[in-house]
$ cat start.cif   # mmCIF, C-alpha atoms
data_start
loop_
_atom_site.label_atom_id
_atom_site.label_comp_id
_atom_site.auth_asym_id
_atom_site.auth_seq_id
_atom_site.Cartn_x
_atom_site.Cartn_y
_atom_site.Cartn_z
CA MET A 3 -15.48 -25.79 -30.43
CA ALA A 4 -17.41 -23.05 -28.71
CA SER A 5 -15.91 -24.07 -25.36
CA GLU A 6 -12.39 -23.83 -26.84
CA ARG A 7 -13.13 -20.31 -28.13
CA GLY A 8 -14.52 -19.42 -24.71
CA GLY A 9 -11.34 -20.74 -23.09
CA ARG A 10 -9.16 -18.69 -25.40
CA ASP A 11 -11.28 -15.62 -24.70
CA ASN A 12 -10.86 -16.18 -20.99
CA GLU A 13 -7.11 -16.51 -21.39
CA LYS A 14 -7.00 -13.25 -23.38
CA GLU A 15 -9.09 -11.52 -20.75
CA MET A 16 -6.80 -12.75 -17.96
CA ALA A 17 -3.70 -11.63 -19.88
CA SER A 18 -5.30 -8.23 -20.40
CA LEU A 19 -6.07 -7.96 -16.68
CA LEU A 20 -2.51 -8.89 -15.74
CA LYS A 21 -1.12 -6.34 -18.19
CA ALA A 22 -3.43 -3.69 -16.77
CA SER A 23 -2.30 -4.62 -13.27
CA SER A 24 1.31 -4.17 -14.29
CA LEU A 25 0.51 -0.77 -15.74
CA THR A 26 -1.26 0.15 -12.50
CA VAL A 27 1.90 -0.64 -10.57
CA ARG A 28 4.09 1.41 -12.87
CA THR A 29 1.68 4.35 -12.81
CA LYS A 30 1.35 4.22 -9.03
CA LEU A 31 5.11 4.12 -8.51
CA LEU A 32 5.58 6.99 -10.94
CA HIS A 33 3.13 9.09 -8.96
CA GLN A 34 4.96 8.19 -5.75
CA SER A 35 8.35 9.28 -7.07
CA ALA A 36 8.22 12.82 -5.67
CA LEU A 37 6.52 14.44 -2.70
CA TYR A 38 6.61 18.05 -3.87
CA ASN A 39 5.94 19.91 -7.10
CA THR A 40 4.92 23.40 -8.19
CA SER A 41 1.50 22.99 -6.57
CA HIS A 42 3.37 22.96 -3.25
CA GLY A 43 5.37 26.05 -4.19
CA PHE A 44 8.41 23.91 -5.02
CA HIS A 45 10.35 24.92 -8.14
CA GLU A 46 13.00 22.25 -8.62
CA GLU A 47 14.90 23.97 -11.44
CA GLU A 48 15.39 27.10 -9.33
CA VAL A 49 16.81 25.01 -6.48
CA LYS A 50 19.11 23.17 -8.89
CA LYS A 51 20.54 26.45 -10.20
CA LYS A 52 21.38 27.52 -6.65
CA LEU A 53 22.94 24.18 -5.76
CA MET A 54 25.14 24.28 -8.87
CA GLN A 55 26.96 27.25 -7.32
CA PHE A 56 28.51 25.00 -4.64
CA PRO A 57 30.90 22.48 -6.20
CA GLY A 58 33.12 19.91 -4.51
CA GLY A 59 33.21 16.14 -4.12
CA SER A 60 31.17 13.60 -6.03
CA VAL A 61 28.57 10.87 -5.61
CA ASP A 62 29.80 7.71 -7.32
CA LEU A 63 27.79 4.64 -8.29
CA GLN A 64 29.27 1.24 -9.04
CA LYS A 65 26.85 -1.43 -10.30
CA GLU A 66 28.06 -4.99 -9.74
CA ASP A 67 27.15 -8.01 -11.84
CA ASP A 68 25.43 -9.64 -8.86
CA GLY A 69 22.80 -6.87 -8.84
CA ILE A 70 24.23 -4.96 -5.87
CA GLY A 71 25.08 -1.30 -6.35
CA ILE A 72 27.61 0.63 -4.26
CA LEU A 73 26.78 4.32 -3.81
CA THR A 74 29.75 6.27 -2.44
CA LEU A 75 29.62 9.78 -0.97
CA ASN A 76 33.05 11.07 -1.93
CA ASN A 77 34.20 14.33 -0.34
CA PRO A 78 36.72 13.13 2.26
CA SER A 79 38.39 16.50 2.89
CA LYS A 80 35.05 17.63 4.41
CA MET A 81 34.06 14.31 6.05
CA ASN A 82 31.98 13.56 2.95
CA ALA A 83 29.67 16.53 3.52
CA LEU A 84 27.26 16.95 0.63
CA SER A 85 28.07 19.97 -1.51
CA GLY A 86 25.36 21.48 -3.71
CA VAL A 87 26.70 19.62 -6.74
CA MET A 88 26.77 16.36 -4.76
CA MET A 89 23.08 16.83 -3.90
CA LEU A 90 22.34 17.14 -7.60
CA GLN A 91 24.47 14.09 -8.38
CA LEU A 92 22.67 12.12 -5.67
CA LEU A 93 19.35 12.74 -7.42
CA GLU A 94 20.91 11.65 -10.73
CA LYS A 95 22.18 8.42 -9.17
CA VAL A 96 18.80 7.70 -7.56
CA ILE A 97 17.14 8.07 -10.97
CA GLU A 98 19.78 5.75 -12.45
CA LEU A 99 19.01 3.17 -9.75
CA GLU A 100 15.27 3.52 -10.43
CA ASN A 101 15.95 2.45 -14.01
CA TRP A 102 18.41 -0.36 -13.20
CA LYS A 103 16.24 -3.36 -14.03
CA GLU A 104 18.93 -5.88 -13.05
CA GLY A 105 19.42 -4.27 -9.64
CA LYS A 106 18.48 -6.03 -6.42
CA GLY A 107 20.28 -4.13 -3.67
CA VAL A 108 22.36 -1.05 -2.91
CA ILE A 109 24.95 -0.17 -0.26
CA VAL A 110 25.46 3.47 0.71
CA ARG A 111 28.81 4.40 2.20
CA GLY A 112 31.25 7.27 2.56
CA ALA A 113 34.81 7.43 1.25
CA LYS A 114 37.85 7.09 3.54
CA ASN A 115 36.14 5.48 6.54
CA THR A 116 33.64 8.28 7.21
CA PHE A 117 29.96 8.08 6.28
CA CYS A 118 28.77 11.70 5.92
CA SER A 119 28.77 14.88 8.00
CA GLY A 120 25.64 16.35 6.41
CA SER A 121 25.50 19.49 4.28
CA ASP A 122 28.59 21.42 3.24
CA LEU A 123 28.58 24.51 5.47
CA ASN A 124 29.46 26.78 2.53
CA ALA A 125 26.08 25.98 0.99
CA VAL A 126 24.31 26.23 4.34
CA LYS A 127 25.70 29.70 4.98
CA ALA A 128 24.85 30.96 1.50
CA LEU A 129 21.31 29.56 1.60
CA GLY A 130 20.55 31.41 4.78
CA THR A 131 16.93 32.53 4.44
CA PRO A 132 13.94 30.49 5.67
CA GLU A 133 12.73 30.31 2.04
CA ASP A 134 16.06 28.80 0.97
CA GLY A 135 15.91 26.34 3.85
CA VAL A 136 12.43 25.15 2.94
CA ALA A 137 13.34 24.83 -0.75
CA LEU A 138 16.42 22.73 0.11
CA CYS A 139 14.28 20.69 2.50
CA MET A 140 11.81 19.90 -0.28
CA PHE A 141 14.59 18.98 -2.71
CA MET A 142 16.31 16.58 -0.32
CA GLN A 143 13.04 15.10 0.96
CA ASN A 144 12.10 14.36 -2.64
CA THR A 145 15.48 12.76 -3.33
CA LEU A 146 15.64 10.62 -0.20
CA THR A 147 11.99 9.58 -0.51
CA ARG A 148 12.71 8.37 -4.03
CA PHE A 149 15.75 6.55 -2.67
CA MET A 150 13.65 4.93 0.09
CA ARG A 151 11.07 3.81 -2.48
CA LEU A 152 13.62 2.16 -4.76
CA PRO A 153 12.72 -1.45 -5.53
CA LEU A 154 16.17 -2.34 -4.16
CA ILE A 155 17.04 -3.58 -0.68
CA SER A 156 19.23 -0.83 0.76
CA VAL A 157 21.92 -0.86 3.44
CA ALA A 158 23.78 2.06 5.00
CA LEU A 159 27.37 1.03 5.77
CA ILE A 160 28.28 3.41 8.59
CA GLN A 161 32.01 3.85 9.09
CA GLY A 162 33.16 6.72 11.29
CA ARG A 163 30.50 9.35 11.82
CA ALA A 164 27.08 9.82 10.25
CA MET A 165 26.18 13.34 11.39
CA GLY A 166 23.31 15.74 10.69
CA GLY A 167 22.08 15.14 7.16
CA GLY A 168 24.32 12.06 7.04
CA ALA A 169 22.40 10.60 9.98
CA GLU A 170 19.16 11.43 8.15
CA PHE A 171 20.41 9.61 5.04
CA THR A 172 20.91 6.41 7.03
CA THR A 173 17.20 6.40 7.93
CA ALA A 174 16.26 6.26 4.25
CA CYS A 175 17.89 2.82 4.03
CA ASP A 176 16.17 -0.45 4.87
CA PHE A 177 19.05 -1.55 7.11
CA ARG A 178 22.07 -0.05 8.85
CA LEU A 179 25.38 -1.83 9.52
CA MET A 180 28.02 -0.16 11.69
CA THR A 181 31.71 -0.61 12.35
CA LYS A 182 32.79 -0.79 16.00
CA GLU A 183 34.00 2.82 16.31
CA SER A 184 31.20 4.39 14.25
CA GLU A 185 28.38 6.58 15.54
CA ILE A 186 25.16 8.18 14.35
CA ARG A 187 24.65 11.75 15.55
CA PHE A 188 21.63 13.94 14.94
CA VAL A 189 23.37 17.27 15.71
CA HIS A 190 20.55 19.46 14.38
CA LYS A 191 19.58 20.85 17.80
CA GLU A 192 23.17 21.97 18.34
CA MET A 193 22.98 23.78 15.00
CA GLY A 194 19.77 25.55 16.00
CA ILE A 195 17.60 23.65 13.52
CA VAL A 196 15.61 20.42 13.22
CA PRO A 197 16.01 17.54 10.73
CA SER A 198 14.78 18.62 7.30
CA TRP A 199 15.57 15.72 4.96
CA GLY A 200 12.82 13.50 6.39
CA GLY A 201 15.11 12.08 9.07
CA ALA A 202 12.87 12.72 12.09
CA THR A 203 9.84 11.15 10.41
CA ARG A 204 11.76 8.06 9.34
CA LEU A 205 13.56 7.81 12.69
CA VAL A 206 10.23 7.55 14.55
CA ASN A 207 9.17 4.77 12.16
CA ILE A 208 12.39 2.89 12.90
CA ILE A 209 12.77 3.21 16.70
CA GLY A 210 9.52 4.79 17.95
CA SER A 211 8.75 8.26 19.24
CA ARG A 212 10.21 7.90 22.76
CA GLN A 213 13.60 6.70 21.58
CA ALA A 214 13.55 9.21 18.70
CA LEU A 215 13.12 12.08 21.17
CA LYS A 216 16.11 10.83 23.15
CA VAL A 217 18.25 10.60 20.03
CA LEU A 218 17.20 13.93 18.50
CA SER A 219 17.67 15.79 21.79
CA GLY A 220 21.15 14.35 22.25
CA ALA A 221 20.22 12.55 25.45
CA LEU A 222 20.99 9.20 23.80
CA LYS A 223 24.30 8.91 21.95
CA LEU A 224 24.15 6.29 19.24
CA ASP A 225 27.42 4.42 19.22
CA SER A 226 27.37 1.08 17.45
CA VAL A 227 26.38 -1.00 20.50
CA LYS A 228 23.52 1.28 21.57
CA ALA A 229 22.29 1.56 17.97
CA VAL A 230 21.97 -2.23 17.76
CA ASN A 231 20.34 -2.44 21.20
CA ILE A 232 17.50 -0.04 20.29
CA GLY A 233 16.96 -1.46 16.79
CA MET A 234 18.56 1.40 14.87
CA ALA A 235 21.26 -0.85 13.42
CA GLU A 236 21.25 -4.53 12.54
CA GLU A 237 24.80 -5.56 13.38
CA VAL A 238 28.25 -4.36 14.33
CA LEU A 239 30.71 -5.53 11.67
CA GLN A 240 33.87 -7.33 12.69
CA SER A 241 36.26 -5.18 10.65
CA SER A 242 36.71 -1.41 10.67
CA ASP A 243 38.93 -1.47 7.60
CA GLU A 244 37.31 0.41 4.71
CA ASN A 245 37.55 -2.39 2.15
CA GLU A 246 37.00 -5.31 4.51
CA SER A 247 33.88 -3.78 6.05
CA LEU A 248 32.49 -3.17 2.55
CA GLN A 249 33.06 -6.85 1.74
CA GLU A 250 31.29 -7.81 4.97
CA ALA A 251 28.34 -5.58 4.07
CA GLN A 252 28.15 -7.09 0.59
CA GLU A 253 28.09 -10.61 2.01
CA TRP A 254 25.46 -9.59 4.56
CA LEU A 255 23.22 -8.11 1.87
CA LYS A 256 23.50 -11.17 -0.37
CA GLN A 257 21.30 -13.18 2.01
CA PHE A 258 18.39 -10.96 0.85
CA THR A 259 19.22 -10.76 -2.85
CA LYS A 260 19.36 -14.42 -3.87
CA GLY A 261 16.90 -14.95 -6.70
CA SER A 262 15.64 -13.13 -9.76
CA PRO A 263 15.65 -9.31 -9.86
CA GLU A 264 11.95 -9.24 -10.77
CA VAL A 265 10.92 -11.11 -7.62
CA ILE A 266 13.30 -9.23 -5.28
CA ARG A 267 12.13 -5.87 -6.65
CA ALA A 268 8.44 -6.81 -6.40
CA MET A 269 8.95 -8.00 -2.82
CA LYS A 270 10.65 -4.73 -1.80
CA THR A 271 7.94 -2.68 -3.50
CA SER A 272 5.23 -4.65 -1.71
CA VAL A 273 6.85 -4.00 1.68
CA SER A 274 7.36 -0.31 0.88
CA SER A 275 3.71 0.11 -0.05
CA VAL A 276 2.62 -1.10 3.39
CA LYS A 277 4.63 1.66 5.07
CA GLN A 278 3.47 4.43 2.76
CA LEU A 279 -0.07 3.60 1.62
CA GLY A 280 -3.33 2.81 3.35
CA PHE A 281 -4.19 -0.83 4.07
CA GLU A 282 -6.52 -1.27 1.10
CA GLU A 283 -4.14 0.49 -1.30
CA ALA A 284 -1.31 -1.74 -0.08
CA LEU A 285 -3.44 -4.82 -0.73
CA GLN A 286 -4.18 -3.55 -4.25
CA THR A 287 -0.47 -2.95 -4.85
CA GLU A 288 0.30 -6.48 -3.69
CA ARG A 289 -2.34 -7.77 -6.10
CA ASP A 290 -0.89 -5.72 -8.94
CA LEU A 291 2.63 -6.94 -8.23
CA VAL A 292 1.47 -10.56 -8.50
CA GLY A 293 0.62 -9.80 -12.11
CA THR A 294 4.24 -8.87 -12.81
CA VAL A 295 5.75 -12.16 -11.57
CA TRP A 296 3.01 -14.85 -11.77
CA GLY A 297 3.83 -17.10 -14.70
CA GLY A 298 7.17 -15.38 -15.11
CA PRO A 299 10.53 -17.15 -15.60
CA ALA A 300 11.31 -17.47 -11.87
CA ASN A 301 7.80 -18.77 -11.12
CA LEU A 302 7.88 -21.33 -13.94
CA GLU A 303 11.35 -22.51 -12.93
CA ALA A 304 10.21 -22.99 -9.33
CA ILE A 305 7.18 -24.98 -10.48
CA ALA A 306 9.43 -27.14 -12.66
CA ARG A 307 11.47 -27.99 -9.53
CA ARG A 308 8.20 -29.25 -8.03
CA GLY A 309 8.56 -27.17 -4.90
CA LYS A 310 11.98 -28.50 -3.89
CA PHE A 311 13.34 -25.42 -2.16
CA LYS A 312 16.88 -25.00 -0.94
#
$ encode --input "start.cif" --output "structure tokens"
Amino acid sequence: MASERGGRDNEKEMASLLKASSLTVRTKLLHQSALYNTSHGFHEEEVKKKLMQFPGGSVDLQKEDDGIGILTLNNPSKMNALSGVMMLQLLEKVIELENWKEGKGVIVRGAKNTFCSGSDLNAVKALGTPEDGVALCMFMQNTLTRFMRLPLISVALIQGRAMGGGAEFTTACDFRLMTKESEIRFVHKEMGIVPSWGGATRLVNIIGSRQALKVLSGALKLDSVKAVNIGMAEEVLQSSDENESLQEAQEWLKQFTKGSPEVIRAMKTSVSSVKQLGFEEALQTERDLVGTVWGGPANLEAIARRGKFK
């Protein structure tokens, strides 16, 4: 009898530990959600008020039943340049994706066969002081870092040109797929500036410092073939048609999203933690994530199949 009570106590203790682990994961991810706050001199509400003054276009999110979201930058008259309002909408959509528990993946694309030409020049001209530039930098770094840390496997579908801030956006995705005629252009040097949305930092992580210097300086032009050759892009899609290339990208992404949302999301979070935390912290995150899926529906179903994997 005493041994039974001891067994139950041990089970309760293990359940408590697993619950605590899950809470640790949620707390850690919450703390990771933004890079900057008022302690860094960043006042988000002030930036939002300024961005509201520059309307135009929209950022649209379509969530499919298969757990894949389609995020569309929609401002085709300006090559899908991000207006101030679109920057605000992008943050709203990222927050919506953070809370999409059924989500497993997301595709980012631009409307009308063009990815994105960066910031709307009307906003750039009006926000002309160094202080404005730094504030906008902090806002967009926060937004794209949150996007990068989503527990969703992300793909940039690059049709036409991804220029300036648009090129930076592609680096916040896990993968990049390109149509034959598309190109990625970091035109910041030509504009007399440097990347400010985190693009240079992420670019070095993707292709290394030597290749990043070539790309940022303009010495290396990233058409679709060269992008694949240096590891910037995964594949060149067969179709350049807007709808057909989207279907190709969806099919390509599905190879990563088979399975339960809980497992896919935990896997993505585990990989993200390795890139952004120290080794020991990443190990702890991996341990914590086990507590969210061990003994869960997908795990129990797999055990019931007796290890017969497809």
$ closest_residue --input "start.cif" --among "A:Met142, A:Pro299, A:Ile109, A:Ser211" --to "Glu250 of chain A" --atoms "all atoms listed in the file"
A:Ile109
$ atom_distance --input "start.cif" --atom1 "atom CA of Phe141 of chain A" --atom2 "atom CA of Phe44 of chain A"
8.2 Å
$ closest_residue --input "start.cif" --among "A:Arg163, A:Val230, A:Val136, A:Phe177" --to "Pro197 of chain A" --atoms "only C-alpha atoms"
A:Val136
$ resolve_selection --input "start.cif" --expression "the PyMOL selection byres ((chain A and resi 107) around 6)" --output "ChimeraX atom specification"
/A:70,106,108,154-156
$ atom_distance --input "start.cif" --atom1 "atom CA of Ser79 of chain A" --atom2 "atom CA of Gly59 of chain A"
8.7 Å
$ resolve_selection --input "start.cif" --expression "the PyMOL selection byres ((chain A and resi 219) around 9)" --output "PyMOL selection string"
chain A and resi 188-192+214-218+220-222
$ residues_around --input "start.cif" --residues "Leu123 of chain A" --least-positions-apart "2" --cutoff "10 Å" --atoms "only C-alpha atoms" --output "number ranges by chain"
A: 80, 83-85, 119-121, 125-129
$ write_last_selection --input "start.cif" --atoms "C-alpha atoms" --output "PDB file, in the coordinates of the input"
ATOM      1  CA  LYS A  80      35.050  17.630   4.410  1.00  0.00           C
ATOM      2  CA  ALA A  83      29.670  16.530   3.520  1.00  0.00           C
ATOM      3  CA  LEU A  84      27.260  16.950   0.630  1.00  0.00           C
ATOM      4  CA  SER A  85      28.070  19.970  -1.510  1.00  0.00           C
ATOM      5  CA  SER A 119      28.770  14.880   8.000  1.00  0.00           C
ATOM      6  CA  GLY A 120      25.640  16.350   6.410  1.00  0.00           C
ATOM      7  CA  SER A 121      25.500  19.490   4.280  1.00  0.00           C
ATOM      8  CA  ALA A 125      26.080  25.980   0.990  1.00  0.00           C
ATOM      9  CA  VAL A 126      24.310  26.230   4.340  1.00  0.00           C
ATOM     10  CA  LYS A 127      25.700  29.700   4.980  1.00  0.00           C
ATOM     11  CA  ALA A 128      24.850  30.960   1.500  1.00  0.00           C
ATOM     12  CA  LEU A 129      21.310  29.560   1.600  1.00  0.00           C
TER      13      LEU A 129
END
$ atom_distance --input "start.cif" --atom1 "atom CA of Leu37 of chain A" --atom2 "atom CA of Gly168 of chain A"
20.4 Å
$ residues_around --input "start.cif" --residues "Asn301 of chain A" --least-positions-apart "5" --cutoff "10 Å" --atoms "all atoms listed in the file" --output "list in words"
Ser262, Val265, Val295, Trp296 and Ala306 of chain A
$ decode --input "start.cif" --residues "segment 142-154 of chain A" --atoms "all heavy atoms" --output "PDB file, in the first residue's frame"
ATOM      1  N   MET A 142      11.163  47.605 -36.728  1.00  0.00           N
ATOM      2  CA  MET A 142      11.177  46.531 -37.712  1.00  0.00           C
ATOM      3  C   MET A 142      12.052  45.359 -37.271  1.00  0.00           C
ATOM      4  O   MET A 142      11.758  44.205 -37.588  1.00  0.00           O
ATOM      5  CB  MET A 142      11.624  47.069 -39.066  1.00  0.00           C
ATOM      6  CG  MET A 142      10.580  47.954 -39.736  1.00  0.00           C
ATOM      7  SD  MET A 142       8.975  47.119 -39.966  1.00  0.00           S
ATOM      8  CE  MET A 142       9.403  45.830 -41.138  1.00  0.00           C
ATOM      9  N   GLN A 143      13.127  45.636 -36.539  1.00  0.00           N
ATOM     10  CA  GLN A 143      13.912  44.523 -35.985  1.00  0.00           C
ATOM     11  C   GLN A 143      13.081  43.713 -34.997  1.00  0.00           C
ATOM     12  O   GLN A 143      13.144  42.481 -34.987  1.00  0.00           O
ATOM     13  CB  GLN A 143      15.189  45.047 -35.325  1.00  0.00           C
ATOM     14  CG  GLN A 143      16.286  45.418 -36.298  1.00  0.00           C
ATOM     15  CD  GLN A 143      17.614  45.698 -35.609  1.00  0.00           C
ATOM     16  OE1 GLN A 143      17.763  45.495 -34.408  1.00  0.00           O
ATOM     17  NE2 GLN A 143      18.585  46.175 -36.372  1.00  0.00           N
ATOM     18  N   ASN A 144      12.306  44.402 -34.163  1.00  0.00           N
ATOM     19  CA  ASN A 144      11.414  43.696 -33.249  1.00  0.00           C
ATOM     20  C   ASN A 144      10.442  42.813 -34.019  1.00  0.00           C
ATOM     21  O   ASN A 144      10.243  41.636 -33.708  1.00  0.00           O
ATOM     22  CB  ASN A 144      10.631  44.690 -32.386  1.00  0.00           C
ATOM     23  CG  ASN A 144      11.335  45.041 -31.090  1.00  0.00           C
ATOM     24  OD1 ASN A 144      12.350  44.446 -30.735  1.00  0.00           O
ATOM     25  ND2 ASN A 144      10.809  46.008 -30.371  1.00  0.00           N
ATOM     26  N   THR A 145       9.794  43.401 -35.049  1.00  0.00           N
ATOM     27  CA  THR A 145       8.774  42.675 -35.796  1.00  0.00           C
ATOM     28  C   THR A 145       9.355  41.460 -36.505  1.00  0.00           C
ATOM     29  O   THR A 145       8.815  40.346 -36.409  1.00  0.00           O
ATOM     30  CB  THR A 145       8.101  43.600 -36.819  1.00  0.00           C
ATOM     31  OG1 THR A 145       7.469  44.687 -36.141  1.00  0.00           O
ATOM     32  CG2 THR A 145       7.053  42.851 -37.629  1.00  0.00           C
ATOM     33  N   LEU A 146      10.465  41.649 -37.213  1.00  0.00           N
ATOM     34  CA  LEU A 146      11.029  40.538 -37.983  1.00  0.00           C
ATOM     35  C   LEU A 146      11.704  39.499 -37.101  1.00  0.00           C
ATOM     36  O   LEU A 146      11.769  38.320 -37.460  1.00  0.00           O
ATOM     37  CB  LEU A 146      11.998  41.073 -39.040  1.00  0.00           C
ATOM     38  CG  LEU A 146      11.334  41.860 -40.170  1.00  0.00           C
ATOM     39  CD1 LEU A 146      12.353  42.286 -41.211  1.00  0.00           C
ATOM     40  CD2 LEU A 146      10.214  41.060 -40.835  1.00  0.00           C
ATOM     41  N   THR A 147      12.183  39.913 -35.934  1.00  0.00           N
ATOM     42  CA  THR A 147      12.722  38.926 -34.987  1.00  0.00           C
ATOM     43  C   THR A 147      11.593  38.063 -34.440  1.00  0.00           C
ATOM     44  O   THR A 147      11.742  36.836 -34.300  1.00  0.00           O
ATOM     45  CB  THR A 147      13.479  39.615 -33.837  1.00  0.00           C
ATOM     46  OG1 THR A 147      14.589  40.339 -34.373  1.00  0.00           O
ATOM     47  CG2 THR A 147      14.008  38.594 -32.839  1.00  0.00           C
ATOM     48  N   ARG A 148      10.469  38.682 -34.136  1.00  0.00           N
ATOM     49  CA  ARG A 148       9.308  37.904 -33.697  1.00  0.00           C
ATOM     50  C   ARG A 148       8.848  36.949 -34.797  1.00  0.00           C
ATOM     51  O   ARG A 148       8.482  35.803 -34.528  1.00  0.00           O
ATOM     52  CB  ARG A 148       8.166  38.834 -33.280  1.00  0.00           C
ATOM     53  CG  ARG A 148       8.452  39.583 -31.999  1.00  0.00           C
ATOM     54  CD  ARG A 148       7.321  40.523 -31.615  1.00  0.00           C
ATOM     55  NE  ARG A 148       6.168  39.804 -31.088  1.00  0.00           N
ATOM     56  CZ  ARG A 148       5.235  40.369 -30.316  1.00  0.00           C
ATOM     57  NH1 ARG A 148       5.338  41.654 -29.982  1.00  0.00           N
ATOM     58  NH2 ARG A 148       4.215  39.670 -29.872  1.00  0.00           N
ATOM     59  N   PHE A 149       8.879  37.450 -36.038  1.00  0.00           N
ATOM     60  CA  PHE A 149       8.513  36.576 -37.162  1.00  0.00           C
ATOM     61  C   PHE A 149       9.478  35.390 -37.247  1.00  0.00           C
ATOM     62  O   PHE A 149       9.063  34.245 -37.404  1.00  0.00           O
ATOM     63  CB  PHE A 149       8.525  37.360 -38.476  1.00  0.00           C
ATOM     64  CG  PHE A 149       8.204  36.520 -39.670  1.00  0.00           C
ATOM     65  CD1 PHE A 149       6.892  36.314 -40.058  1.00  0.00           C
ATOM     66  CD2 PHE A 149       9.210  35.888 -40.401  1.00  0.00           C
ATOM     67  CE1 PHE A 149       6.579  35.513 -41.146  1.00  0.00           C
ATOM     68  CE2 PHE A 149       8.913  35.080 -41.486  1.00  0.00           C
ATOM     69  CZ  PHE A 149       7.597  34.901 -41.863  1.00  0.00           C
ATOM     70  N   MET A 150      10.777  35.657 -37.154  1.00  0.00           N
ATOM     71  CA  MET A 150      11.789  34.601 -37.251  1.00  0.00           C
ATOM     72  C   MET A 150      11.616  33.564 -36.147  1.00  0.00           C
ATOM     73  O   MET A 150      11.895  32.374 -36.346  1.00  0.00           O
ATOM     74  CB  MET A 150      13.179  35.237 -37.182  1.00  0.00           C
ATOM     75  CG  MET A 150      14.333  34.269 -37.343  1.00  0.00           C
ATOM     76  SD  MET A 150      15.942  35.104 -37.299  1.00  0.00           S
ATOM     77  CE  MET A 150      15.970  35.690 -35.600  1.00  0.00           C
ATOM     78  N   ARG A 151      11.167  34.008 -34.969  1.00  0.00           N
ATOM     79  CA  ARG A 151      11.017  33.112 -33.828  1.00  0.00           C
ATOM     80  C   ARG A 151       9.661  32.411 -33.776  1.00  0.00           C
ATOM     81  O   ARG A 151       9.383  31.661 -32.840  1.00  0.00           O
ATOM     82  CB  ARG A 151      11.224  33.906 -32.529  1.00  0.00           C
ATOM     83  CG  ARG A 151      12.681  34.318 -32.322  1.00  0.00           C
ATOM     84  CD  ARG A 151      12.824  35.265 -31.154  1.00  0.00           C
ATOM     85  NE  ARG A 151      14.234  35.511 -30.851  1.00  0.00           N
ATOM     86  CZ  ARG A 151      14.687  36.467 -30.059  1.00  0.00           C
ATOM     87  NH1 ARG A 151      13.832  37.288 -29.484  1.00  0.00           N
ATOM     88  NH2 ARG A 151      15.975  36.616 -29.840  1.00  0.00           N
ATOM     89  N   LEU A 152       8.825  32.641 -34.764  1.00  0.00           N
ATOM     90  CA  LEU A 152       7.542  31.935 -34.792  1.00  0.00           C
ATOM     91  C   LEU A 152       7.770  30.428 -34.751  1.00  0.00           C
ATOM     92  O   LEU A 152       8.713  29.923 -35.367  1.00  0.00           O
ATOM     93  CB  LEU A 152       6.771  32.273 -36.068  1.00  0.00           C
ATOM     94  CG  LEU A 152       6.116  33.646 -36.174  1.00  0.00           C
ATOM     95  CD1 LEU A 152       5.593  33.865 -37.594  1.00  0.00           C
ATOM     96  CD2 LEU A 152       4.976  33.794 -35.167  1.00  0.00           C
ATOM     97  N   PRO A 153       6.906  29.691 -34.059  1.00  0.00           N
ATOM     98  CA  PRO A 153       7.039  28.231 -34.068  1.00  0.00           C
ATOM     99  C   PRO A 153       6.438  27.625 -35.336  1.00  0.00           C
ATOM    100  O   PRO A 153       5.831  26.560 -35.312  1.00  0.00           O
ATOM    101  CB  PRO A 153       6.246  27.819 -32.814  1.00  0.00           C
ATOM    102  CG  PRO A 153       5.193  28.855 -32.697  1.00  0.00           C
ATOM    103  CD  PRO A 153       5.814  30.147 -33.177  1.00  0.00           C
ATOM    104  N   LEU A 154       6.615  28.320 -36.451  1.00  0.00           N
ATOM    105  CA  LEU A 154       6.120  27.894 -37.760  1.00  0.00           C
ATOM    106  C   LEU A 154       7.295  27.831 -38.720  1.00  0.00           C
ATOM    107  O   LEU A 154       8.186  28.682 -38.678  1.00  0.00           O
ATOM    108  CB  LEU A 154       5.090  28.891 -38.312  1.00  0.00           C
ATOM    109  CG  LEU A 154       3.906  29.276 -37.420  1.00  0.00           C
ATOM    110  CD1 LEU A 154       3.135  30.428 -38.050  1.00  0.00           C
ATOM    111  CD2 LEU A 154       2.994  28.080 -37.211  1.00  0.00           C
TER     112      LEU A 154
END
